[in-house]
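Have a look at structure28.txt; it's compact mmCIF, N, CA, C and O atoms:
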```txt
# COMPACT_ATOMS: atom_id res chain seq x y z
N MET A 1 7.33 186.82 10.82
CA MET A 1 7.79 185.53 10.32
C MET A 1 6.89 185.11 9.16
O MET A 1 5.67 185.10 9.28
N SER A 2 7.51 184.75 8.05
CA SER A 2 6.73 184.32 6.89
C SER A 2 6.17 182.92 7.11
O SER A 2 6.64 182.18 7.98
N GLN A 3 5.20 182.55 6.30
CA GLN A 3 4.60 181.21 6.39
C GLN A 3 5.65 180.14 6.13
O GLN A 3 5.73 179.15 6.84
N LEU A 4 6.49 180.35 5.11
CA LEU A 4 7.52 179.37 4.77
C LEU A 4 8.56 179.26 5.90
O LEU A 4 8.98 178.16 6.25
N GLU A 5 8.93 180.39 6.47
CA GLU A 5 9.88 180.39 7.59
C GLU A 5 9.31 179.57 8.75
O GLU A 5 10.02 178.75 9.33
N LEU A 6 8.04 179.79 9.07
CA LEU A 6 7.39 179.03 10.14
C LEU A 6 7.35 177.54 9.81
O LEU A 6 7.66 176.70 10.65
N GLU A 7 7.00 177.21 8.55
CA GLU A 7 6.95 175.80 8.14
C GLU A 7 8.30 175.13 8.29
O GLU A 7 8.40 174.00 8.76
N ILE A 8 9.37 175.82 7.89
CA ILE A 8 10.71 175.24 7.98
C ILE A 8 11.13 175.07 9.43
O ILE A 8 11.70 174.04 9.80
N LYS A 9 10.81 176.02 10.27
CA LYS A 9 11.11 175.88 11.70
C LYS A 9 10.35 174.69 12.28
O LYS A 9 10.90 173.90 13.06
N GLU A 10 9.08 174.55 11.92
CA GLU A 10 8.28 173.42 12.41
C GLU A 10 8.83 172.10 11.87
O GLU A 10 8.85 171.09 12.58
N LEU A 11 9.31 172.11 10.63
CA LEU A 11 9.91 170.92 10.04
C LEU A 11 11.20 170.53 10.78
O LEU A 11 11.43 169.35 11.05
N ILE A 12 12.01 171.52 11.12
CA ILE A 12 13.23 171.25 11.88
C ILE A 12 12.87 170.60 13.22
O ILE A 12 13.44 169.58 13.60
N ILE A 13 11.91 171.18 13.91
CA ILE A 13 11.50 170.68 15.23
C ILE A 13 10.94 169.26 15.11
O ILE A 13 11.33 168.36 15.86
N ALA A 14 10.05 169.03 14.14
CA ALA A 14 9.41 167.72 13.99
C ALA A 14 10.40 166.66 13.52
O ALA A 14 10.45 165.56 14.09
N SER A 15 11.19 166.97 12.50
CA SER A 15 12.07 165.95 11.94
C SER A 15 13.23 165.60 12.85
O SER A 15 13.76 164.50 12.78
N LEU A 16 13.59 166.51 13.75
CA LEU A 16 14.71 166.25 14.65
C LEU A 16 14.25 166.01 16.09
O LEU A 16 15.07 165.93 17.00
N ALA A 17 12.94 165.89 16.28
CA ALA A 17 12.35 165.61 17.60
C ALA A 17 12.86 166.58 18.67
O ALA A 17 13.29 166.17 19.75
N LEU A 18 12.79 167.87 18.38
CA LEU A 18 13.22 168.90 19.33
C LEU A 18 12.01 169.40 20.12
O LEU A 18 11.58 170.54 19.97
N GLU A 19 11.46 168.52 20.96
CA GLU A 19 10.19 168.84 21.64
C GLU A 19 10.26 170.06 22.55
O GLU A 19 9.25 170.70 22.81
N ASP A 20 11.44 170.40 23.05
CA ASP A 20 11.55 171.50 24.01
C ASP A 20 11.69 172.86 23.33
O ASP A 20 11.85 173.87 24.01
N ILE A 21 11.63 172.89 22.02
CA ILE A 21 11.84 174.13 21.29
C ILE A 21 10.57 174.49 20.51
O ILE A 21 9.97 173.63 19.88
N ALA A 22 10.19 175.76 20.57
CA ALA A 22 9.07 176.27 19.79
C ALA A 22 9.64 177.02 18.58
O ALA A 22 10.77 177.51 18.63
N PRO A 23 8.84 177.13 17.50
CA PRO A 23 9.35 177.84 16.31
C PRO A 23 9.90 179.23 16.63
O PRO A 23 10.93 179.63 16.10
N GLN A 24 9.23 179.97 17.52
CA GLN A 24 9.70 181.31 17.84
C GLN A 24 11.00 181.32 18.65
O GLN A 24 11.65 182.35 18.77
N ASP A 25 11.40 180.15 19.18
CA ASP A 25 12.67 180.05 19.91
C ASP A 25 13.87 179.96 18.97
O ASP A 25 15.01 180.14 19.38
N ILE A 26 13.61 179.64 17.71
CA ILE A 26 14.69 179.49 16.74
C ILE A 26 14.94 180.83 16.06
O ILE A 26 14.04 181.37 15.41
N ASP A 27 16.14 181.35 16.21
CA ASP A 27 16.52 182.61 15.56
C ASP A 27 16.87 182.30 14.10
O ASP A 27 17.77 181.52 13.83
N SER A 28 16.15 182.90 13.19
CA SER A 28 16.30 182.62 11.77
C SER A 28 17.67 183.01 11.21
O SER A 28 18.06 182.56 10.15
N THR A 29 18.38 183.88 11.92
CA THR A 29 19.68 184.33 11.43
C THR A 29 20.84 183.55 12.06
O THR A 29 21.96 183.62 11.58
N GLN A 30 20.57 182.81 13.12
CA GLN A 30 21.62 182.06 13.81
C GLN A 30 22.02 180.81 13.03
O GLN A 30 21.20 180.23 12.34
N PRO A 31 23.27 180.38 13.19
CA PRO A 31 23.69 179.14 12.54
C PRO A 31 22.88 177.95 13.05
O PRO A 31 22.47 177.93 14.21
N LEU A 32 22.63 176.98 12.17
CA LEU A 32 21.93 175.77 12.58
C LEU A 32 22.89 174.75 13.19
O LEU A 32 22.50 173.95 14.03
N PHE A 33 24.16 174.79 12.76
CA PHE A 33 25.12 173.78 13.19
C PHE A 33 26.17 174.37 14.11
O PHE A 33 26.50 175.54 14.03
N VAL A 34 26.69 173.52 14.99
CA VAL A 34 27.72 173.84 15.97
C VAL A 34 27.21 174.93 16.90
O VAL A 34 26.62 174.64 17.94
N ASP A 35 27.39 176.20 16.54
CA ASP A 35 26.84 177.29 17.36
C ASP A 35 25.35 177.39 17.06
O ASP A 35 24.82 176.61 16.29
N GLY A 36 24.69 178.36 17.62
CA GLY A 36 23.27 178.53 17.33
C GLY A 36 22.46 177.35 17.83
O GLY A 36 22.47 177.03 19.00
N LEU A 37 21.78 176.67 16.91
CA LEU A 37 20.91 175.54 17.28
C LEU A 37 21.70 174.30 17.66
O LEU A 37 21.20 173.43 18.35
N GLY A 38 22.95 174.21 17.22
CA GLY A 38 23.83 173.13 17.64
C GLY A 38 23.55 171.78 17.00
O GLY A 38 23.78 170.73 17.60
N LEU A 39 23.08 171.78 15.76
CA LEU A 39 22.81 170.52 15.08
C LEU A 39 24.10 169.87 14.62
O LEU A 39 25.14 170.51 14.54
N ASP A 40 24.04 168.57 14.31
CA ASP A 40 25.23 167.85 13.82
C ASP A 40 24.97 167.25 12.44
O ASP A 40 23.91 167.47 11.85
N SER A 41 25.90 166.46 11.95
CA SER A 41 25.79 165.94 10.58
C SER A 41 24.63 164.97 10.42
O SER A 41 24.01 164.91 9.36
N ILE A 42 24.31 164.21 11.45
CA ILE A 42 23.15 163.30 11.39
C ILE A 42 21.87 164.13 11.26
O ILE A 42 20.99 163.81 10.48
N ASP A 43 21.80 165.20 12.04
CA ASP A 43 20.65 166.11 11.94
C ASP A 43 20.53 166.68 10.52
O ASP A 43 19.43 166.81 9.99
N ALA A 44 21.67 167.00 9.91
CA ALA A 44 21.67 167.56 8.56
C ALA A 44 21.06 166.57 7.57
O ALA A 44 20.26 166.94 6.72
N LEU A 45 21.43 165.29 7.71
CA LEU A 45 20.87 164.27 6.82
C LEU A 45 19.36 164.15 7.00
O LEU A 45 18.61 164.10 6.03
N GLU A 46 18.92 164.09 8.25
CA GLU A 46 17.49 163.96 8.53
C GLU A 46 16.72 165.18 8.04
O GLU A 46 15.65 165.04 7.45
N LEU A 47 17.28 166.35 8.27
CA LEU A 47 16.62 167.58 7.83
C LEU A 47 16.59 167.64 6.30
O LEU A 47 15.58 168.03 5.71
N GLY A 48 17.67 167.22 5.66
CA GLY A 48 17.72 167.19 4.19
C GLY A 48 16.64 166.29 3.62
O GLY A 48 15.97 166.64 2.66
N LEU A 49 16.47 165.11 4.23
CA LEU A 49 15.42 164.18 3.78
C LEU A 49 14.03 164.78 3.98
O LEU A 49 13.16 164.66 3.13
N ALA A 50 13.82 165.41 5.13
CA ALA A 50 12.52 166.03 5.42
C ALA A 50 12.22 167.14 4.41
O ALA A 50 11.09 167.25 3.92
N LEU A 51 13.22 167.96 4.09
CA LEU A 51 13.03 169.04 3.10
C LEU A 51 12.74 168.45 1.72
O LEU A 51 11.91 168.97 0.99
N GLN A 52 13.42 167.36 1.40
CA GLN A 52 13.21 166.71 0.11
C GLN A 52 11.78 166.18 0.00
O GLN A 52 11.12 166.37 -1.02
N LYS A 53 11.30 165.54 1.07
CA LYS A 53 9.94 164.99 1.06
C LYS A 53 8.89 166.10 0.98
O LYS A 53 7.93 166.01 0.23
N LYS A 54 9.07 167.14 1.79
CA LYS A 54 8.04 168.18 1.88
C LYS A 54 8.04 169.13 0.68
O LYS A 54 7.00 169.53 0.19
N TYR A 55 9.24 169.53 0.22
CA TYR A 55 9.33 170.57 -0.81
C TYR A 55 9.89 170.07 -2.15
O TYR A 55 9.95 170.84 -3.10
N GLY A 56 10.32 168.81 -2.21
CA GLY A 56 10.85 168.28 -3.45
C GLY A 56 12.21 168.84 -3.84
O GLY A 56 12.62 168.74 -4.99
N VAL A 57 12.90 169.45 -2.89
CA VAL A 57 14.24 169.98 -3.19
C VAL A 57 15.26 168.85 -3.07
O VAL A 57 15.10 167.95 -2.26
N SER A 58 16.26 168.90 -3.90
CA SER A 58 17.33 167.91 -3.78
C SER A 58 18.64 168.64 -3.67
O SER A 58 18.82 169.73 -4.20
N MET A 59 19.55 168.03 -2.93
CA MET A 59 20.84 168.67 -2.71
C MET A 59 21.93 167.62 -2.58
O MET A 59 21.65 166.49 -2.20
N ASN A 60 23.12 168.00 -2.90
CA ASN A 60 24.27 167.13 -2.79
C ASN A 60 24.87 167.30 -1.40
O ASN A 60 25.26 168.40 -1.02
N ALA A 61 24.96 166.22 -0.65
CA ALA A 61 25.41 166.29 0.75
C ALA A 61 26.82 166.86 0.89
O ALA A 61 27.13 167.48 1.90
N ASP A 62 27.67 166.66 -0.10
CA ASP A 62 29.05 167.12 0.01
C ASP A 62 29.30 168.48 -0.62
O ASP A 62 30.41 168.98 -0.61
N SER A 63 28.27 169.08 -1.15
CA SER A 63 28.41 170.33 -1.88
C SER A 63 28.60 171.52 -0.94
O SER A 63 27.94 171.64 0.09
N GLU A 64 29.48 172.42 -1.32
CA GLU A 64 29.68 173.67 -0.58
C GLU A 64 28.40 174.49 -0.63
O GLU A 64 28.03 175.15 0.32
N GLN A 65 27.69 174.44 -1.76
CA GLN A 65 26.42 175.15 -1.92
C GLN A 65 25.40 174.66 -0.89
O GLN A 65 24.68 175.45 -0.30
N THR A 66 25.34 173.35 -0.67
CA THR A 66 24.42 172.78 0.30
C THR A 66 24.74 173.29 1.70
O THR A 66 23.85 173.62 2.47
N ARG A 67 26.02 173.37 2.02
CA ARG A 67 26.41 173.90 3.34
C ARG A 67 25.89 175.32 3.53
O ARG A 67 25.47 175.69 4.61
N LYS A 68 25.93 176.11 2.46
CA LYS A 68 25.41 177.48 2.54
C LYS A 68 23.90 177.47 2.78
O LYS A 68 23.40 178.26 3.57
N HIS A 69 23.18 176.57 2.09
CA HIS A 69 21.73 176.50 2.26
C HIS A 69 21.37 176.12 3.70
O HIS A 69 20.34 176.54 4.21
N PHE A 70 22.19 175.31 4.34
CA PHE A 70 21.93 174.84 5.68
C PHE A 70 22.53 175.74 6.76
O PHE A 70 22.53 175.39 7.93
N SER A 71 23.05 176.90 6.37
CA SER A 71 23.73 177.75 7.35
C SER A 71 22.77 178.37 8.37
O SER A 71 23.14 178.58 9.52
N SER A 72 21.52 178.64 7.97
CA SER A 72 20.54 179.24 8.89
C SER A 72 19.14 178.96 8.36
O SER A 72 18.98 178.50 7.23
N VAL A 73 18.14 179.26 9.17
CA VAL A 73 16.75 179.13 8.72
C VAL A 73 16.52 180.06 7.52
O VAL A 73 15.90 179.66 6.53
N ASN A 74 17.04 181.29 7.60
CA ASN A 74 16.85 182.23 6.48
C ASN A 74 17.43 181.67 5.18
O ASN A 74 16.82 181.83 4.12
N ALA A 75 18.59 181.02 5.27
CA ALA A 75 19.21 180.44 4.07
C ALA A 75 18.33 179.32 3.51
O ALA A 75 18.17 179.19 2.30
N LEU A 76 17.75 178.50 4.39
CA LEU A 76 16.86 177.43 3.94
C LEU A 76 15.59 178.01 3.29
O LEU A 76 15.12 177.50 2.28
N VAL A 77 15.05 179.07 3.88
CA VAL A 77 13.87 179.73 3.32
C VAL A 77 14.18 180.23 1.91
O VAL A 77 13.40 180.01 0.97
N ASN A 78 15.34 180.86 1.73
CA ASN A 78 15.74 181.38 0.42
C ASN A 78 15.90 180.24 -0.59
O ASN A 78 15.49 180.35 -1.74
N PHE A 79 16.51 179.14 -0.13
CA PHE A 79 16.74 177.99 -1.00
C PHE A 79 15.41 177.38 -1.46
O PHE A 79 15.21 177.15 -2.65
N VAL A 80 14.50 177.14 -0.52
CA VAL A 80 13.20 176.54 -0.87
C VAL A 80 12.40 177.50 -1.75
O VAL A 80 11.78 177.07 -2.73
N SER A 81 12.44 178.77 -1.44
CA SER A 81 11.73 179.77 -2.26
C SER A 81 12.25 179.79 -3.69
O SER A 81 11.46 179.81 -4.64
N ALA A 82 13.56 179.75 -3.85
CA ALA A 82 14.16 179.74 -5.19
C ALA A 82 13.79 178.46 -5.93
O ALA A 82 13.50 178.50 -7.13
N HIS A 83 13.76 177.35 -5.23
CA HIS A 83 13.40 176.07 -5.85
C HIS A 83 11.94 176.08 -6.31
O HIS A 83 11.62 175.60 -7.37
N ARG A 84 11.08 176.66 -5.49
CA ARG A 84 9.66 176.74 -5.83
C ARG A 84 9.45 177.61 -7.07
O ARG A 84 8.52 177.37 -7.85
N ALA A 85 10.26 178.63 -7.23
CA ALA A 85 10.09 179.59 -8.33
C ALA A 85 10.51 179.00 -9.68
O ALA A 85 10.15 179.52 -10.72
N GLN A 86 11.27 177.92 -9.66
CA GLN A 86 11.76 177.31 -10.91
C GLN A 86 10.66 176.63 -11.69
O GLN A 86 9.78 176.06 -11.19
```
Please rewrite the model in this file as structure tokens.
Amino acid sequence: MSQLELEIKELIIASLALEDIAPQDIDSTQPLFVDGLGLDSIDALELGLALQKKYGVSMNADSEQTRKHFSSVNALVNFVSAHRAQ
């Protein structure tokens, strides 16, 4: 697990108050919403704000591209990595 992957998992847990879950319990390839981690649209907003605060990334809530970024932990890692490289 990369440092960024671990940070994002910890951010998901902290920002969504998922006290019963450890970073290693989150499968980086599984969907974050509905199946997989089972997050909902409120969770998406909170997670988006947390990512914006921590990494300075901005995203359009209604964008199809944003939905792709939020599809899994791996997708979020790729998104933040690409944003950092700019």
Quick one: residues within 8 Å of Lys9 (chain A), only N, CA, C and O atoms, excluding same-chain residues fewer than 2 positions away - as a PDB file with N, CA, C and O atoms, in the frame of the given file?
```pdb
ATOM      1  N   SER A   2       7.510 184.750   8.050  1.00  0.00           N
ATOM      2  CA  SER A   2       6.730 184.320   6.890  1.00  0.00           C
ATOM      3  C   SER A   2       6.170 182.920   7.110  1.00  0.00           C
ATOM      4  O   SER A   2       6.640 182.180   7.980  1.00  0.00           O
ATOM      5  N   GLN A   3       5.200 182.550   6.300  1.00  0.00           N
ATOM      6  CA  GLN A   3       4.600 181.210   6.390  1.00  0.00           C
ATOM      7  C   GLN A   3       5.650 180.140   6.130  1.00  0.00           C
ATOM      8  O   GLN A   3       5.730 179.150   6.840  1.00  0.00           O
ATOM      9  N   LEU A   4       6.490 180.350   5.110  1.00  0.00           N
ATOM     10  CA  LEU A   4       7.520 179.370   4.770  1.00  0.00           C
ATOM     11  C   LEU A   4       8.560 179.260   5.900  1.00  0.00           C
ATOM     12  O   LEU A   4       8.980 178.160   6.250  1.00  0.00           O
ATOM     13  N   GLU A   5       8.930 180.390   6.470  1.00  0.00           N
ATOM     14  CA  GLU A   5       9.880 180.390   7.590  1.00  0.00           C
ATOM     15  C   GLU A   5       9.310 179.570   8.750  1.00  0.00           C
ATOM     16  O   GLU A   5      10.020 178.750   9.330  1.00  0.00           O
ATOM     17  N   LEU A   6       8.040 179.790   9.070  1.00  0.00           N
ATOM     18  CA  LEU A   6       7.390 179.030  10.140  1.00  0.00           C
ATOM     19  C   LEU A   6       7.350 177.540   9.810  1.00  0.00           C
ATOM     20  O   LEU A   6       7.660 176.700  10.650  1.00  0.00           O
ATOM     21  N   GLU A   7       7.000 177.210   8.550  1.00  0.00           N
ATOM     22  CA  GLU A   7       6.950 175.800   8.140  1.00  0.00           C
ATOM     23  C   GLU A   7       8.300 175.130   8.290  1.00  0.00           C
ATOM     24  O   GLU A   7       8.400 174.000   8.760  1.00  0.00           O
ATOM     25  N   LEU A  11       9.310 172.110  10.630  1.00  0.00           N
ATOM     26  CA  LEU A  11       9.910 170.920  10.040  1.00  0.00           C
ATOM     27  C   LEU A  11      11.200 170.530  10.780  1.00  0.00           C
ATOM     28  O   LEU A  11      11.430 169.350  11.050  1.00  0.00           O
ATOM     29  N   ILE A  12      12.010 171.520  11.120  1.00  0.00           N
ATOM     30  CA  ILE A  12      13.230 171.250  11.880  1.00  0.00           C
ATOM     31  C   ILE A  12      12.870 170.600  13.220  1.00  0.00           C
ATOM     32  O   ILE A  12      13.440 169.580  13.600  1.00  0.00           O
ATOM     33  N   ILE A  13      11.910 171.180  13.910  1.00  0.00           N
ATOM     34  CA  ILE A  13      11.500 170.680  15.230  1.00  0.00           C
ATOM     35  C   ILE A  13      10.940 169.260  15.110  1.00  0.00           C
ATOM     36  O   ILE A  13      11.330 168.360  15.860  1.00  0.00           O
ATOM     37  N   ALA A  14      10.050 169.030  14.140  1.00  0.00           N
ATOM     38  CA  ALA A  14       9.410 167.720  13.990  1.00  0.00           C
ATOM     39  C   ALA A  14      10.400 166.660  13.520  1.00  0.00           C
ATOM     40  O   ALA A  14      10.450 165.560  14.090  1.00  0.00           O
ATOM     41  N   SER A  15      11.190 166.970  12.500  1.00  0.00           N
ATOM     42  CA  SER A  15      12.070 165.950  11.940  1.00  0.00           C
ATOM     43  C   SER A  15      13.230 165.600  12.850  1.00  0.00           C
ATOM     44  O   SER A  15      13.760 164.500  12.780  1.00  0.00           O
ATOM     45  N   LEU A  16      13.590 166.510  13.750  1.00  0.00           N
ATOM     46  CA  LEU A  16      14.710 166.250  14.650  1.00  0.00           C
ATOM     47  C   LEU A  16      14.250 166.010  16.090  1.00  0.00           C
ATOM     48  O   LEU A  16      15.070 165.930  17.000  1.00  0.00           O
ATOM     49  N   LEU A  18      12.790 167.870  18.380  1.00  0.00           N
ATOM     50  CA  LEU A  18      13.220 168.900  19.330  1.00  0.00           C
ATOM     51  C   LEU A  18      12.010 169.400  20.120  1.00  0.00           C
ATOM     52  O   LEU A  18      11.580 170.540  19.970  1.00  0.00           O
ATOM     53  N   ILE A  21      11.630 172.890  22.020  1.00  0.00           N
ATOM     54  CA  ILE A  21      11.840 174.130  21.290  1.00  0.00           C
ATOM     55  C   ILE A  21      10.570 174.490  20.510  1.00  0.00           C
ATOM     56  O   ILE A  21       9.970 173.630  19.880  1.00  0.00           O
ATOM     57  N   ALA A  22      10.190 175.760  20.570  1.00  0.00           N
ATOM     58  CA  ALA A  22       9.070 176.270  19.790  1.00  0.00           C
ATOM     59  C   ALA A  22       9.640 177.020  18.580  1.00  0.00           C
ATOM     60  O   ALA A  22      10.770 177.510  18.630  1.00  0.00           O
ATOM     61  N   PRO A  23       8.840 177.130  17.500  1.00  0.00           N
ATOM     62  CA  PRO A  23       9.350 177.840  16.310  1.00  0.00           C
ATOM     63  C   PRO A  23       9.900 179.230  16.630  1.00  0.00           C
ATOM     64  O   PRO A  23      10.930 179.630  16.100  1.00  0.00           O
ATOM     65  N   GLN A  24       9.230 179.970  17.520  1.00  0.00           N
ATOM     66  CA  GLN A  24       9.700 181.310  17.840  1.00  0.00           C
ATOM     67  C   GLN A  24      11.000 181.320  18.650  1.00  0.00           C
ATOM     68  O   GLN A  24      11.650 182.350  18.770  1.00  0.00           O
ATOM     69  N   ILE A  26      13.610 179.640  17.710  1.00  0.00           N
ATOM     70  CA  ILE A  26      14.690 179.490  16.740  1.00  0.00           C
ATOM     71  C   ILE A  26      14.940 180.830  16.060  1.00  0.00           C
ATOM     72  O   ILE A  26      14.040 181.370  15.410  1.00  0.00           O
ATOM     73  N   VAL A  73      18.140 179.260   9.170  1.00  0.00           N
ATOM     74  CA  VAL A  73      16.750 179.130   8.720  1.00  0.00           C
ATOM     75  C   VAL A  73      16.520 180.060   7.520  1.00  0.00           C
ATOM     76  O   VAL A  73      15.900 179.660   6.530  1.00  0.00           O
TER      77      VAL A  73
END
```
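Taking atom N of Ala44 (chain A) as the reference point, atom C of Glu64 (chain A) is found at 14.6 Å.
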Calculate how many Å separate CA of Gly48 (chain A) from CA of Asp20 (chain A), rounding to one decimal.
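Calculated distance between CA of Gly48 (chain A) and CA of Asp20 (chain A) is 21.2 Å.
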As an NGL selection string, please: every residue in chain A that a backbone DSSP assignment puts in alpha helix (DSSP H).
:A and (3-15 or 41-55 or 64-69 or 73-85)
Quick one: distance from atom O of Leu49 (chain A) to atom N of Ala85 (chain A) in Å, one decimal?
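The value is 17.6 Å.
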Box centre and edge lengths (Å, one decimal), axis-aligned, region 33-52 of chain A plus 5 Å each side, as AutoDock Vina command-line options:
```
--center_x 19.4 --center_y 170.9 --center_z 9.0 --size_x 26.6 --size_y 25.2 --size_z 30.0
```
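Residues in contact range of Gln30 (chain A), defined as at most 10 Å between only C-alpha atoms, with sequence neighbours fewer than 6 positions away removed, read Gly36, Leu37, Gly38, Ser71, Ser72, Val73 and Asn74 of chain A.
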Output N, CA, C and O atoms for every residue in that selection, as a compact mmCIF listing (two decimals), in the coordinates of the input.
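The result, stored in again-v5.txt:
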```
# COMPACT_ATOMS: atom_id res chain seq x y z
N GLY A 36 24.69 178.36 17.62
CA GLY A 36 23.27 178.53 17.33
C GLY A 36 22.46 177.35 17.83
O GLY A 36 22.47 177.03 19.00
N LEU A 37 21.78 176.67 16.91
CA LEU A 37 20.91 175.54 17.28
C LEU A 37 21.70 174.30 17.66
O LEU A 37 21.20 173.43 18.35
N GLY A 38 22.95 174.21 17.22
CA GLY A 38 23.83 173.13 17.64
C GLY A 38 23.55 171.78 17.00
O GLY A 38 23.78 170.73 17.60
N SER A 71 23.05 176.90 6.37
CA SER A 71 23.73 177.75 7.35
C SER A 71 22.77 178.37 8.37
O SER A 71 23.14 178.58 9.52
N SER A 72 21.52 178.64 7.97
CA SER A 72 20.54 179.24 8.89
C SER A 72 19.14 178.96 8.36
O SER A 72 18.98 178.50 7.23
N VAL A 73 18.14 179.26 9.17
CA VAL A 73 16.75 179.13 8.72
C VAL A 73 16.52 180.06 7.52
O VAL A 73 15.90 179.66 6.53
N ASN A 74 17.04 181.29 7.60
CA ASN A 74 16.85 182.23 6.48
C ASN A 74 17.43 181.67 5.18
O ASN A 74 16.82 181.83 4.12
```
Need to verify the contact set: Tyr55 (chain A), 7 Å, all atoms listed in the file, exclusion of same-chain residues closer than 6 positions in sequence. Can you return it as a list in words?
Leu49, Val80, His83 and Arg84 of chain A
So which residues fall inside 12 Å of (17.0, 165.8, 3.4) if we count only C-alpha atoms? Mind giving them as JSON, numbers by chain?
{"A": [11, 12, 15, 16, 41, 42, 43, 44, 45, 46, 47, 48, 49, 50, 51, 52, 53, 54, 55, 56, 57, 58, 59, 60, 61, 66, 69, 70, 76]}
